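Worksheet: one structure, shown below.
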Amino acid sequence: MRGYAATVGVAFAVAAGIAADNGFAQQAPVKRDFESEIQAALQAAKTAAEFEFLGTLARTCLLPQSGGEDTRDNVPGYVTNPASAPPRDTWYAEPARVFDNLYFVGGKVHSSWALPTKDGIILIDTIYPYNSEELIIGGMRKLGLDPKNIKYVLVSHAHGDHIGGAEMLQTRYGVRVVMGGPDWDWVAKYPNRYKTMAPKRDIVATDGMKITLGDTTVTIWLTPGHTPGTLSYTFTALDRGKPVNVAYSGGTAFNFVNNTPDPGIRNFQTYIDSQKHMAAKAASTGANVLLSNHSEFDNAFNKNRMLAGRGDGPHPYELGADWVQRYFQVMQGCARAAQLKLEQRLVETAKR
Ligand SMILES: [Zn+2]
């Protein structure tokens with residue numbers, strides 16, 4: 001963080017003509033070529049993505065990002081009037097047993113995952129209030145899991161597409177809910193925004209916290225960026241008895257304030273640092289499976305369909321450690337490109 005600010009400072013000084021007169025300026029100060037730095041960051045992301053992570057590349061390098069802070073506290077339309085929720089055929093997906101002990105109970109767009117253990121079930125993410133009943137409760141029953149056995153619900157971050165079913169699950173089954181501290185605060189601050197979705201404040205996640213149930217442990221990593229309290233996870237699942245290591249990325253798009261250099265440059269740095277943190281945890285746990293909470297990023301919906309025709313072939317989710325690392329390189333490259341654009345703006349503003 002500090003080194004980063006220093007770099008911007010030098011660029012600023014050069015642009016303002018300060019560095020030229022410091023006594024040792026034998027060579028002309030190097031003027032930063034922002035265009036080529038931005039192109040290099042974008043190219044790094046594209047090279048890392050190849051065909052596997054095109055959705056992540058499109059979302060973070062290509063599509064317009066949300067800019068300013070949303071401080072409105074409105075009840076979402078799909079809560080006020082459930083009939084206005086998107087039609088079922090836009091989100092319904094069949095549930096699937098993806099690994100021996102990891103079940104997909106999400107939809108076409110957003111994911112939810114159930115990890116059954118001998119002492120109950122850990123559920124990761126809860127999709128929307130309007131489809132958590134059918135997809136999570138209905139999906140679990142279809143796959144032979146009893147939702148009454150859910151003990152923990154891990155909410156990656158407090159957006160309506162992931163926290164939507166948490167209040168219902170807590171009220172109905174008395175589950176323990178784990179979320180990042182800043183996102184708990186957010187839920188308390190915006191009662192209308194989280195109407196019908198807000199669990200009572202429960203477990204505040206810390207970096208490295210272990211949620212253990214029976215023979216299974218999910219380790220939580222704090223990866224602020226997408227929201228200030230975004231959580232990511234590492235855990236082990238079994239594929240026909242063989243362990244595979246999962247890295248679960250909890251937040252992807254640039255939803256933070258990023259339309260001005262201050263605080264945009266800093267916010268991008270938080271995001272980049274989180275991706276580095278999670279990439280390091282993925283590497284040290286030997287992660288060879290990458291999961292997300294959007295099919296757009298991990299292709300869960302398509303992979304579940306490929307799984308049905310797997311036979312004796314490789315597991316479609318088992319990408320290998322190199323590809324898991326590439327996922328985090330895509331996010332870093334795109335974030336760096338966007339951050340560079342803000343740095344460029346900062347320097348050009350100073351010149352005027
Ligand atoms: Zn989100």
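By convention in this document, the chains of the structure tokens carry letters A, B, ... by their order, each chain's residues are numbered from 1, and ligands are numbered from 1 in the order they are shown.
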
Could the residues of chain A that have an atom at most 7 Å from ligand 1 be listed as CSV, each with its closest atom pair and the distance in Å to one decimal, counting only C-alpha atoms and all ligand atoms and ordered by chain and ascending residue number?
```
residue,atom,partner,partner_atom_place_in_ligand_line,distance
A:His157,CA,ligand 1,1 (Zn),6.5
A:His159,CA,ligand 1,1 (Zn),4.9
A:Asp161,CA,ligand 1,1 (Zn),7.0
A:His226,CA,ligand 1,1 (Zn),6.6
A:Gly251,CA,ligand 1,1 (Zn),5.9
```

Item to complete: Show which residues sit within 12 Å of Asn299 of chain A, as JSON, numbers by chain. Count only C-alpha atoms, and ignore same-chain residues fewer than 4 positions away.
Response: {"A": [51, 52, 53, 54, 55, 56, 107, 108, 109, 110, 111, 289, 290, 291, 292, 293, 294, 295, 303, 304, 305, 306, 307, 316, 317, 319]}

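Counting only C-alpha atoms, the residue from A:Thr223, A:Gln344, A:Thr217, A:Ser156 that sits nearest to His277 of chain A is A:Thr223.
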
Fill in: DSSP-assigned strand (DSSP E or B) among segment 48-171 of chain A, expressed as a list in words
Ala96, Arg97, Val98, Phe99, Leu102, Tyr103, Phe104, His110, Trp113, Ala114, Leu115, Pro116, Thr117, Gly120, Ile121, Ile122, Leu123, Ile124, Ile150, Lys151, Tyr152, Val153 and Leu154 of chain A

Worksheet item: Can you tell me, as JSON, numbers by chain, what residues are no more than 12 Å from Thr270 of chain A when counting only C-alpha atoms, ignoring any on the same chain fewer than 5 positions away?
Response: {"A": [1, 2, 4, 222, 223, 224, 225, 226, 227, 228, 229, 230, 254, 256, 257, 258, 263, 264, 265, 275, 276, 277, 332, 335, 336, 339]}

Practice prompt. Return as a ChimeraX atom specification the full set of residues in segment 63-242 of chain A whose backbone-based DSSP assignment is helix (DSSP H, G or I).
Written response: /A:77-80,82-84,88-91,132-142,147-149,160-163,166-173,181-189
